[in-house]
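Peer 1: Got a file for you: input13.csv, CSV, C-alpha atoms (C1' of nucleotides).
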chain,number,residue,atom,x,y,z
A,1431,MET,CA,30.1,-13.9,-2.2
A,1432,LEU,CA,32.5,-16.8,-1.9
A,1433,ASN,CA,35.2,-16.3,0.6
A,1434,LYS,CA,37.6,-18.7,-0.9
A,1435,VAL,CA,40.7,-17.1,-2.3
A,1436,ALA,CA,43.3,-18.6,-4.6
A,1437,ILE,CA,44.1,-21.9,-3.1
A,1438,ILE,CA,47.5,-22.2,-4.7
A,1439,SER,CA,48.0,-25.8,-3.7
A,1440,THR,CA,47.4,-28.4,-1.0
A,1441,SER,CA,50.5,-28.4,1.0
A,1442,ILE,CA,52.4,-26.9,3.8
A,1443,LEU,CA,53.3,-23.6,2.3
A,1444,LEU,CA,49.8,-22.3,2.1
A,1445,TYR,CA,47.7,-20.2,3.2
A,1446,LYS,CA,45.0,-17.8,3.4
A,1447,VAL,CA,41.6,-19.3,2.9
A,1448,GLY,CA,39.0,-17.0,4.3
A,1449,GLY,CA,41.7,-15.3,6.3
A,1450,ILE,CA,42.8,-18.4,8.2
A,1451,LEU,CA,46.0,-20.3,7.8
A,1452,SER,CA,45.0,-23.7,6.6
A,1453,LEU,CA,48.3,-25.4,7.7
A,1454,ARG,CA,47.0,-24.9,11.3
A,1455,SER,CA,43.9,-26.9,10.5
A,1456,GLN,CA,46.0,-29.9,9.7
A,1457,LEU,CA,48.3,-29.5,12.7
A,1458,LEU,CA,45.2,-29.3,14.9
A,1459,LYS,CA,43.8,-32.7,13.8
A,1460,GLY,CA,43.0,-34.7,16.9
A,1461,ILE,CA,44.4,-32.1,19.2
A,1462,LEU,CA,41.3,-29.9,19.6
A,1463,GLU,CA,39.4,-32.9,21.0
A,1464,GLY,CA,41.9,-33.3,23.8
A,1465,CYS,CA,42.0,-29.6,24.5
A,1466,ILE,CA,38.3,-29.5,24.8
A,1467,LEU,CA,38.3,-32.4,27.2
A,1468,SER,CA,40.9,-30.7,29.2
A,1469,ILE,CA,39.1,-27.4,29.4
A,1470,ILE,CA,35.9,-29.1,30.4
A,1471,ASN,CA,37.9,-30.9,33.1
A,1472,MET,CA,38.8,-27.5,34.6
A,1473,GLN,CA,35.1,-26.8,35.0
A,1474,PRO,CA,31.9,-27.5,33.1
A,1475,ALA,CA,31.7,-25.4,30.0
A,1476,TYR,CA,29.3,-24.8,27.1
A,1477,GLY,CA,30.2,-24.6,23.4
A,1478,TYR,CA,30.3,-20.9,22.9
A,1479,GLU,CA,32.3,-20.5,26.0
A,1480,LEU,CA,34.9,-23.0,24.7
A,1481,SER,CA,35.4,-21.0,21.6
A,1482,VAL,CA,36.3,-18.0,23.8
A,1483,LYS,CA,38.5,-20.0,26.1
A,1484,LEU,CA,40.4,-21.7,23.3
A,1485,GLN,CA,41.1,-18.2,21.9
A,1486,GLN,CA,42.3,-17.0,25.3
A,1487,PHE,CA,44.8,-19.9,25.5
A,1488,GLY,CA,46.2,-18.9,22.1
A,1489,LEU,CA,44.2,-21.3,19.8
A,1490,SER,CA,42.7,-18.4,17.9
A,1491,ASP,CA,39.9,-18.6,15.4
A,1492,VAL,CA,38.7,-22.1,16.2
A,1493,SER,CA,35.3,-22.0,14.6
A,1494,GLU,CA,32.0,-23.2,16.0
A,1495,GLY,CA,31.9,-25.5,13.0
A,1496,SER,CA,34.7,-27.3,14.7
A,1497,ILE,CA,33.7,-27.1,18.3
A,1498,TYR,CA,30.1,-28.2,18.2
A,1499,PRO,CA,30.7,-31.4,16.1
A,1500,ILE,CA,33.4,-32.3,18.6
A,1501,LEU,CA,31.0,-31.9,21.5
A,1502,LEU,CA,28.4,-34.0,19.8
A,1503,ARG,CA,30.9,-36.7,19.1
A,1504,LEU,CA,32.3,-36.7,22.6
A,1505,GLN,CA,28.8,-36.9,24.0
A,1506,LYS,CA,28.0,-39.8,21.8
A,1507,GLU,CA,31.1,-41.5,23.0
A,1508,GLU,CA,30.0,-40.8,26.5
A,1509,LEU,CA,33.1,-38.9,27.3
A,1510,ILE,CA,31.1,-35.9,28.3
A,1511,LYS,CA,27.6,-35.3,29.4
A,1512,GLY,CA,25.5,-32.2,28.6
A,1513,GLU,CA,22.9,-30.4,30.6
A,1514,MET,CA,20.8,-27.4,29.6
A,1515,ARG,CA,20.8,-24.5,32.0
A,1516,ALA,CA,19.2,-21.1,31.8
A,1517,SER,CA,21.4,-18.1,31.3
A,1518,GLU,CA,21.0,-14.8,33.2
A,1519,SER,CA,21.1,-13.1,29.9
A,1520,GLY,CA,20.6,-14.8,26.5
A,1521,PRO,CA,19.5,-18.2,25.3
A,1522,LYS,CA,19.9,-21.4,27.4
A,1523,ARG,CA,23.3,-23.0,27.5
A,1524,LYS,CA,24.3,-26.6,27.3
A,1525,TYR,CA,26.9,-27.2,29.9
A,1526,TYR,CA,29.1,-30.2,29.5
A,1527,LYS,CA,31.1,-32.0,32.1
A,1528,LEU,CA,33.4,-35.0,31.9
A,1529,THR,CA,32.3,-38.5,32.6
A,1530,GLU,CA,34.6,-41.0,34.2
A,1531,LYS,CA,35.3,-42.4,30.8
A,1532,GLY,CA,36.0,-38.9,29.6
A,1533,TYR,CA,38.6,-38.4,32.3
A,1534,GLU,CA,40.3,-41.5,31.3
A,1535,ALA,CA,40.3,-40.4,27.7
A,1536,LEU,CA,41.9,-37.1,28.8
A,1537,GLN,CA,44.6,-39.0,30.5
A,1538,LEU,CA,45.2,-41.0,27.4
A,1539,PHE,CA,45.3,-38.0,25.2
A,1540,THR,CA,47.8,-36.3,27.5
A,1541,HIS,CA,50.0,-39.3,27.3
A,1542,HIS,CA,49.8,-39.5,23.5
A,1543,TRP,CA,50.4,-35.8,23.2
A,1544,GLU,CA,53.7,-36.3,25.1
A,1545,LEU,CA,54.6,-39.3,22.9
A,1546,ILE,CA,54.2,-37.1,19.8
A,1547,LYS,CA,55.6,-33.8,21.2
A,1548,GLU,CA,58.9,-35.1,22.3
A,1549,PRO,CA,60.1,-36.8,19.1
A,1550,VAL,CA,58.8,-33.8,17.1
A,1551,ASP,CA,60.7,-31.4,19.3
A,1552,ASN,CA,63.9,-33.4,19.0
A,1553,ILE,CA,63.5,-33.7,15.2
A,1554,ILE,CA,63.0,-30.0,14.9
A,1555,GLU,CA,65.8,-29.2,17.2
A,1556,GLN,CA,68.3,-31.3,15.2
A,1557,GLY,CA,66.9,-30.5,11.8
A,1558,GLY,CA,66.1,-26.9,12.3
A,1559,ASN,CA,69.6,-25.5,12.3
A,1560,ALA,CA,71.3,-27.9,10.0
A,1561,HIS,CA,71.0,-25.6,7.0
A,1562,GLY,CA,72.5,-23.0,9.1
A,1563,SER,CA,72.2,-19.3,9.0
A,1564,ASP,CA,68.6,-18.7,8.0
B,956,MET,CA,42.1,-61.6,4.7
B,957,LEU,CA,41.0,-58.2,5.9
B,958,ASN,CA,43.0,-57.0,8.8
B,959,LYS,CA,40.3,-54.7,10.2
B,960,VAL,CA,39.4,-55.6,13.7
B,961,ALA,CA,36.4,-54.4,15.6
B,962,ILE,CA,36.5,-50.7,15.2
B,963,ILE,CA,34.5,-50.0,18.4
B,964,SER,CA,34.0,-46.3,17.6
B,965,THR,CA,35.5,-43.3,16.0
B,966,SER,CA,36.8,-41.3,18.8
B,967,ILE,CA,39.6,-40.6,21.2
B,968,LEU,CA,39.4,-43.7,23.3
B,969,LEU,CA,40.3,-46.2,20.6
B,970,TYR,CA,42.4,-48.2,19.4
B,971,LYS,CA,43.7,-51.3,17.9
B,972,VAL,CA,43.2,-51.4,14.2
B,973,GLY,CA,45.6,-53.7,12.6
B,974,GLY,CA,47.8,-53.4,15.7
B,975,ILE,CA,48.3,-49.7,15.6
B,976,LEU,CA,46.8,-47.0,17.8
B,977,SER,CA,44.6,-44.9,15.6
B,978,LEU,CA,44.5,-41.9,18.0
B,979,ARG,CA,48.0,-41.3,17.0
B,980,SER,CA,47.1,-41.2,13.4
B,981,GLN,CA,44.9,-38.1,14.0
B,982,LEU,CA,47.5,-36.4,16.3
B,983,LEU,CA,50.1,-36.8,13.5
B,984,LYS,CA,48.1,-35.0,10.9
B,985,GLY,CA,50.3,-32.4,9.3
B,986,ILE,CA,53.1,-33.0,11.7
B,987,LEU,CA,54.8,-35.8,9.7
B,988,GLU,CA,55.3,-33.6,6.8
B,989,GLY,CA,57.2,-31.1,8.9
B,990,CYS,CA,59.2,-33.8,10.5
B,991,ILE,CA,60.2,-35.3,7.2
B,992,LEU,CA,61.3,-31.8,6.0
B,993,SER,CA,63.3,-31.4,9.1
B,994,ILE,CA,65.1,-34.8,8.8
B,995,ILE,CA,65.9,-34.2,5.2
B,996,ASN,CA,67.3,-30.9,6.2
B,997,MET,CA,69.8,-32.7,8.4
B,998,GLN,CA,71.1,-34.5,5.4
B,999,PRO,CA,69.6,-35.9,2.2
B,1000,ALA,CA,67.5,-39.0,2.8
B,1001,TYR,CA,65.5,-41.6,1.0
B,1002,GLY,CA,62.1,-43.0,1.8
B,1003,TYR,CA,63.0,-46.2,3.4
B,1004,GLU,CA,65.6,-44.5,5.5
B,1005,LEU,CA,63.1,-42.0,6.8
B,1006,SER,CA,60.9,-44.7,8.1
B,1007,VAL,CA,63.9,-45.9,10.1
B,1008,LYS,CA,64.9,-42.5,11.3
B,1009,LEU,CA,61.4,-41.5,12.4
B,1010,GLN,CA,61.3,-44.7,14.4
B,1011,GLN,CA,64.6,-43.9,16.0
B,1012,PHE,CA,63.3,-40.5,17.0
B,1013,GLY,CA,60.3,-42.2,18.7
B,1014,LEU,CA,57.7,-41.8,16.0
B,1015,SER,CA,57.3,-45.6,15.8
B,1016,ASP,CA,55.4,-47.5,13.1
B,1017,VAL,CA,55.0,-44.7,10.6
B,1018,SER,CA,54.1,-46.8,7.6
B,1019,GLU,CA,55.6,-46.4,4.1
B,1020,GLY,CA,52.0,-45.8,3.0
B,1021,SER,CA,52.3,-42.5,4.9
B,1022,ILE,CA,55.9,-41.6,4.0
B,1023,TYR,CA,56.0,-42.1,0.2
B,1024,PRO,CA,52.8,-40.1,-0.5
B,1025,ILE,CA,54.2,-37.3,1.6
B,1026,LEU,CA,57.5,-37.3,-0.4
B,1027,LEU,CA,55.6,-37.2,-3.7
B,1028,ARG,CA,53.5,-34.4,-2.5
B,1029,LEU,CA,56.5,-32.4,-1.2
B,1030,GLN,CA,58.2,-33.0,-4.5
B,1031,LYS,CA,55.3,-31.8,-6.5
B,1032,GLU,CA,55.3,-28.6,-4.3
B,1033,GLU,CA,59.0,-28.3,-5.1
B,1034,LEU,CA,59.8,-28.3,-1.4
B,1035,ILE,CA,62.2,-31.2,-1.9
B,1036,LYS,CA,64.0,-32.6,-5.0
B,1037,GLY,CA,64.7,-36.2,-5.6
B,1038,GLU,CA,67.7,-37.9,-7.2
B,1039,MET,CA,68.3,-41.6,-7.9
B,1040,ARG,CA,71.6,-43.0,-6.7
B,1041,ALA,CA,72.9,-46.6,-6.7
B,1042,SER,CA,73.3,-48.4,-3.5
B,1043,GLU,CA,76.3,-50.5,-2.6
B,1044,SER,CA,73.9,-53.3,-1.7
B,1045,GLY,CA,70.3,-53.4,-2.9
B,1046,PRO,CA,68.1,-51.4,-5.2
B,1047,LYS,CA,68.7,-47.8,-6.2
B,1048,ARG,CA,67.6,-45.2,-3.7
B,1049,LYS,CA,65.9,-41.9,-4.3
B,1050,TYR,CA,67.6,-39.3,-2.2
B,1051,TYR,CA,65.7,-36.2,-1.4
B,1052,LYS,CA,67.1,-32.8,-0.4
B,1053,LEU,CA,65.4,-29.6,0.5
B,1054,THR,CA,65.0,-26.8,-2.0
B,1055,GLU,CA,65.1,-23.2,-0.9
B,1056,LYS,CA,61.3,-23.2,-0.8
B,1057,GLY,CA,61.4,-26.3,1.3
B,1058,TYR,CA,63.7,-24.7,3.8
B,1059,GLU,CA,61.3,-21.8,4.1
B,1060,ALA,CA,58.4,-24.3,4.5
B,1061,LEU,CA,60.4,-25.9,7.3
B,1062,GLN,CA,60.8,-22.6,9.1
B,1063,LEU,CA,57.1,-22.0,8.7
B,1064,PHE,CA,56.2,-25.4,10.0
B,1065,THR,CA,58.5,-24.9,13.0
B,1066,HIS,CA,56.8,-21.6,13.8
B,1067,HIS,CA,53.3,-23.1,13.5
B,1068,TRP,CA,54.3,-26.0,15.7
B,1069,GLU,CA,55.3,-23.7,18.4
B,1070,LEU,CA,52.0,-21.8,18.0
B,1071,ILE,CA,50.1,-25.0,18.6
B,1072,LYS,CA,52.3,-26.6,21.1
B,1073,GLU,CA,52.4,-23.8,23.7
B,1074,PRO,CA,48.6,-23.3,24.0
B,1075,VAL,CA,48.1,-27.1,24.2
B,1076,ASP,CA,50.7,-27.5,26.8
B,1077,ASN,CA,49.1,-24.7,28.9
B,1078,ILE,CA,45.6,-26.2,28.5
B,1079,ILE,CA,46.8,-29.6,29.5
B,1080,GLU,CA,48.7,-28.3,32.4
B,1081,GLN,CA,45.8,-26.4,33.8
B,1082,GLY,CA,43.1,-29.0,32.9
B,1083,GLY,CA,45.1,-32.1,33.6
B,1084,ASN,CA,45.1,-32.1,37.3
B,1085,ALA,CA,41.8,-30.3,37.9
B,1086,HIS,CA,40.0,-33.5,38.6
B,1087,GLY,CA,42.6,-34.2,41.2
B,1088,SER,CA,44.2,-37.4,42.4
B,1089,ASP,CA,45.7,-40.1,40.2
C,154,DG,C1',6.5,-3.1,19.3
C,155,DT,C1',9.7,-4.1,16.0
C,156,DA,C1',14.1,-4.3,14.0
C,157,DA,C1',19.0,-5.0,14.8
C,158,DG,C1',22.4,-7.4,17.1
C,159,DC,C1',24.2,-10.6,20.1
C,160,DT,C1',24.3,-15.2,22.3
C,161,DA,C1',24.0,-20.0,21.5
C,162,DC,C1',23.3,-24.2,19.3
C,163,DT,C1',23.1,-27.3,15.0
C,164,DT,C1',23.9,-29.4,10.4
C,165,DT,C1',25.8,-30.2,5.6
C,166,DG,C1',29.3,-30.7,2.4
C,167,DT,C1',34.3,-30.2,1.3
C,168,DT,C1',39.1,-31.0,1.9
C,169,DA,C1',43.1,-33.3,3.2
C,170,DA,C1',46.4,-36.4,5.8
C,171,DA,C1',47.5,-41.0,7.7
C,172,DC,C1',47.2,-45.5,6.9
C,173,DA,C1',46.4,-50.5,5.5
C,174,DA,C1',46.9,-53.3,2.0
C,175,DG,C1',48.7,-54.7,-1.9
C,176,DG,C1',51.8,-54.4,-5.6
C,177,DT,C1',56.5,-54.0,-8.4
C,178,DA,C1',61.3,-54.9,-8.8
C,179,DG,C1',66.3,-55.1,-7.8
C,180,DC,C1',69.9,-57.4,-5.1
C,181,DT,C1',71.9,-61.1,-2.1
C,182,DA,C1',72.5,-65.5,-0.3
C,183,DT,C1',71.4,-70.3,-0.3
D,17,DA,C1',66.0,-70.6,-8.9
D,18,DT,C1',64.0,-69.2,-4.9
D,19,DA,C1',63.5,-66.9,-0.5
D,20,DG,C1',64.1,-62.7,1.8
D,21,DC,C1',65.4,-58.2,2.2
D,22,DT,C1',65.6,-53.5,0.4
D,23,DA,C1',63.2,-49.9,-1.8
D,24,DC,C1',59.6,-47.6,-4.1
D,25,DC,C1',54.7,-46.7,-5.5
D,26,DT,C1',49.4,-46.7,-5.6
D,27,DT,C1',44.4,-47.3,-4.3
D,28,DG,C1',40.8,-46.8,-1.2
D,29,DT,C1',39.1,-45.8,3.5
D,30,DT,C1',38.6,-43.2,7.5
D,31,DT,C1',38.3,-39.1,9.9
D,32,DA,C1',38.8,-34.2,11.7
D,33,DA,C1',38.6,-29.3,10.9
D,34,DC,C1',36.2,-26.0,8.7
D,35,DA,C1',33.2,-22.8,6.0
D,36,DA,C1',28.8,-21.7,5.4
D,37,DA,C1',24.3,-21.5,6.4
D,38,DG,C1',20.6,-22.0,9.3
D,39,DT,C1',17.5,-21.7,13.8
D,40,DA,C1',16.0,-19.4,17.8
D,41,DG,C1',16.1,-16.8,22.3
D,42,DC,C1',17.1,-12.5,24.5
D,43,DT,C1',18.3,-7.4,24.7
D,44,DT,C1',18.6,-2.8,23.3
D,45,DA,C1',17.4,1.1,20.4
D,46,DC,C1',14.2,3.7,18.2
Would you write out, as structure tokens, the structure that this file holds?

Peer 2:
Amino acid sequence: MLNKVAIISTSILLYKVGGILSLRSQLLKGILEGCILSIINMQPAYGYELSVKLQQFGLSDVSEGSIYPILLRLQKEELIKGEMRASESGPKRKYYKLTEKGYEALQLFTHHWELIKEPVDNIIEQGGNAHGSD
Amino acid sequence: MLNKVAIISTSILLYKVGGILSLRSQLLKGILEGCILSIINMQPAYGYELSVKLQQFGLSDVSEGSIYPILLRLQKEELIKGEMRASESGPKRKYYKLTEKGYEALQLFTHHWELIKEPVDNIIEQGGNAHGSD
DNA sequence: GTAAGCTACTTTGTTAAACAAGGTAGCTAT
DNA sequence: ATAGCTACCTTGTTTAACAAAGTAGCTTAC
């Protein structure tokens, strides 16, 4: 059974596709990568764990189909390094930690995030209430 | 002459392609649309004007190749409505203003932006200084 | 002991947004 | 008339998130 429901159009107003807002998916572009670097910087983490932690931070429903490709990409870029370790219960886990290069990339991401966030906040602040009384 | 220069890789560390940081391009995904709605909400604006205003707000070097497709898309979605007006000097301008639906989309964007921004800020705050000095 | 369910990792194909690049055309000044 | 600016539009490329589907180890229930 296909889970795709009535994609009304391609733009900002919409909507439920498999239960998840698809606007978010666009807003997240490029951001997840930095968040994952940041969480790994707190302490080494494995993929499944990241999906839980992202959720705890409020980034709900980030699918494994997003996380694992990012991890593979980051590893290929040598921003993170993986290491298999046995688990006390369950399959082995691939723990990733930042490389030096990865730490630099995290700094860069943080900087760029600020460079985006501030203008956007200003634009929203000035444009948000122009039309007035909701 | 192609302007494409040594794309070293595809990820977060990099860089100069035709003189513009390409990380930014990913971070902007979905955000520009909301910013444009917000600026138009301040007062009706035309494409060329938007590129100037975005720059003034700190979103530098947003190309017209980004802006005009967004305007066409928003118009097709009936979030904005265009109207040609003569200019005192130069070619005619297509002024866009928000529709009611566009105003609702702006509210929605603002909400989603907050839902993304807060977790990301928290993640960066906790992960940013874990590795310590610098 | 075997079936169900959870943990954990991986891959493929689709969708969509930003952008470079290139183009059209009106208006102004030289 | 021709150069330069204003203003708009379009095509093709790149890339990230995601759904979906798959593999396999381990644990618990029966």

Peer 1: Produce a table with one row for each residue of chain D that has an atom at most 12 Å from any atom of chain A, each row naming the nearest atom pair and its distance in Å at one decimal; use all atoms listed in the file; arrange rows by chain and rising residue number; format as a tab-separated table.

Peer 2:
residue	atom	partner	partner_atom	distance
D:DT31	C1'	A:Lys1459	CA	9.3
D:DA32	C1'	A:Lys1459	CA	5.6
D:DA33	C1'	A:Ser1496	CA	5.8
D:DC34	C1'	A:Gly1495	CA	6.1
D:DA35	C1'	A:Gly1495	CA	7.6
D:DA36	C1'	A:Gly1495	CA	9.0
D:DA37	C1'	A:Gly1495	CA	10.8
D:DA40	C1'	A:Pro1521	CA	8.4
D:DG41	C1'	A:Pro1521	CA	4.7
D:DC42	C1'	A:Gly1520	CA	4.6
D:DT43	C1'	A:Gly1520	CA	8.0

Peer 1: Using only C-alpha atoms (C1' of nucleotides), which of the listed residues (B:Val1007, B:Leu1063, B:Ile1078, B:Leu978) sits closest to chain C?

Peer 2: B:Leu978

Peer 1: Suppose you want the space between atom CA of Thr1529 of chain A and atom CA of Ile1510 of chain A; what is it in Å?

Peer 2: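 About the pair atom CA of Thr1529 of chain A and atom CA of Ile1510 of chain A: they are 5.2 Å apart.
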
Peer 1: What is the distance, in Å and to one decimal place, between atom CA of Leu1484 of chain A and atom CA of Pro1074 of chain B?

Peer 2: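 According to the coordinates, atom CA of Leu1484 of chain A and atom CA of Pro1074 of chain B are separated by 8.4 Å.
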
Peer 1: Taking 2 positions as the minimum chain separation for residues in the same chain, which residues sit within 12 Å of Ala1060 of chain B when counting only C-alpha atoms (C1' of nucleotides)? Answer as an NGL selection string.

Peer 2: (:A and (1441-1445 or 1453 or 1558)) or (:B and (988-993 or 996 or 1029 or 1032-1035 or 1053-1058 or 1062-1067))

Peer 1: Rounded to one decimal place, report the atom CA of Ile1071 of chain B-atom C1' of DA170 of chain C distance in Å.

Peer 2: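 Value for the atom CA of Ile1071 of chain B-atom C1' of DA170 of chain C distance: 17.5 Å.
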
Peer 1: Can I get the residues of chain C within 9 Å of chain B, each with the closest pair of atoms and their distance in Å to one decimal, using all atoms listed in the file, sorted chain first then ascending number, as CSV?

Peer 2:
residue,atom,partner,partner_atom,distance
C:DA170,C1',B:Lys984,CA,5.6
C:DA171,C1',B:Ser980,CA,5.7
C:DC172,C1',B:Gly1020,CA,6.2
C:DA173,C1',B:Gly1020,CA,7.7
C:DA174,C1',B:Leu957,CA,8.6
C:DA178,C1',B:Pro1046,CA,8.5
C:DG179,C1',B:Pro1046,CA,4.9
C:DC180,C1',B:Gly1045,CA,4.6
C:DT181,C1',B:Gly1045,CA,7.9

Peer 1: Write out the residues from the selection above, keeping C-alpha atoms (C1' of nucleotides), as a CSV table (one decimal), in the frame of the given file.

Peer 2:
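Ended up saving to part_23.csv:
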chain,number,residue,atom,x,y,z
C,170,DA,C1',46.4,-36.4,5.8
C,171,DA,C1',47.5,-41.0,7.7
C,172,DC,C1',47.2,-45.5,6.9
C,173,DA,C1',46.4,-50.5,5.5
C,174,DA,C1',46.9,-53.3,2.0
C,178,DA,C1',61.3,-54.9,-8.8
C,179,DG,C1',66.3,-55.1,-7.8
C,180,DC,C1',69.9,-57.4,-5.1
C,181,DT,C1',71.9,-61.1,-2.1

Peer 1: Using all atoms listed in the file for the distances, tell me which of B:Met997, B:Ala1041, B:Glu1059, B:Ser1006 is nearest to chain A.

Peer 2: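 Closest candidate: B:Met997.
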
Peer 1: Which residue gives the smallest distance to chain B among A:Met1514, A:Leu1502, A:Leu1480, A:Ile1470, with only C-alpha atoms counted?

Peer 2: A:Ile1470

Peer 1: Name the closest residue to chain A among the candidates B:Leu1026, B:Glu1038, B:Tyr1051, B:Tyr1001; distances are taken between atoms, counting all atoms listed in the file.

Peer 2: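 That would be B:Leu1026, the residue with the smallest distance to chain A.
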
Peer 1: Taking into account all atoms listed in the file, which residue in the set B:Lys1049, B:Lys1008, B:Asp1076, B:Gly1013 is nearest to chain A?

Peer 2: B:Gly1013

Peer 1: Which one of B:Ile1079, B:Arg1048, B:Pro999, B:Lys1031 sits closest to chain A if you count all atoms listed in the file?

Peer 2: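 Closest to chain A of all the choices is B:Ile1079.
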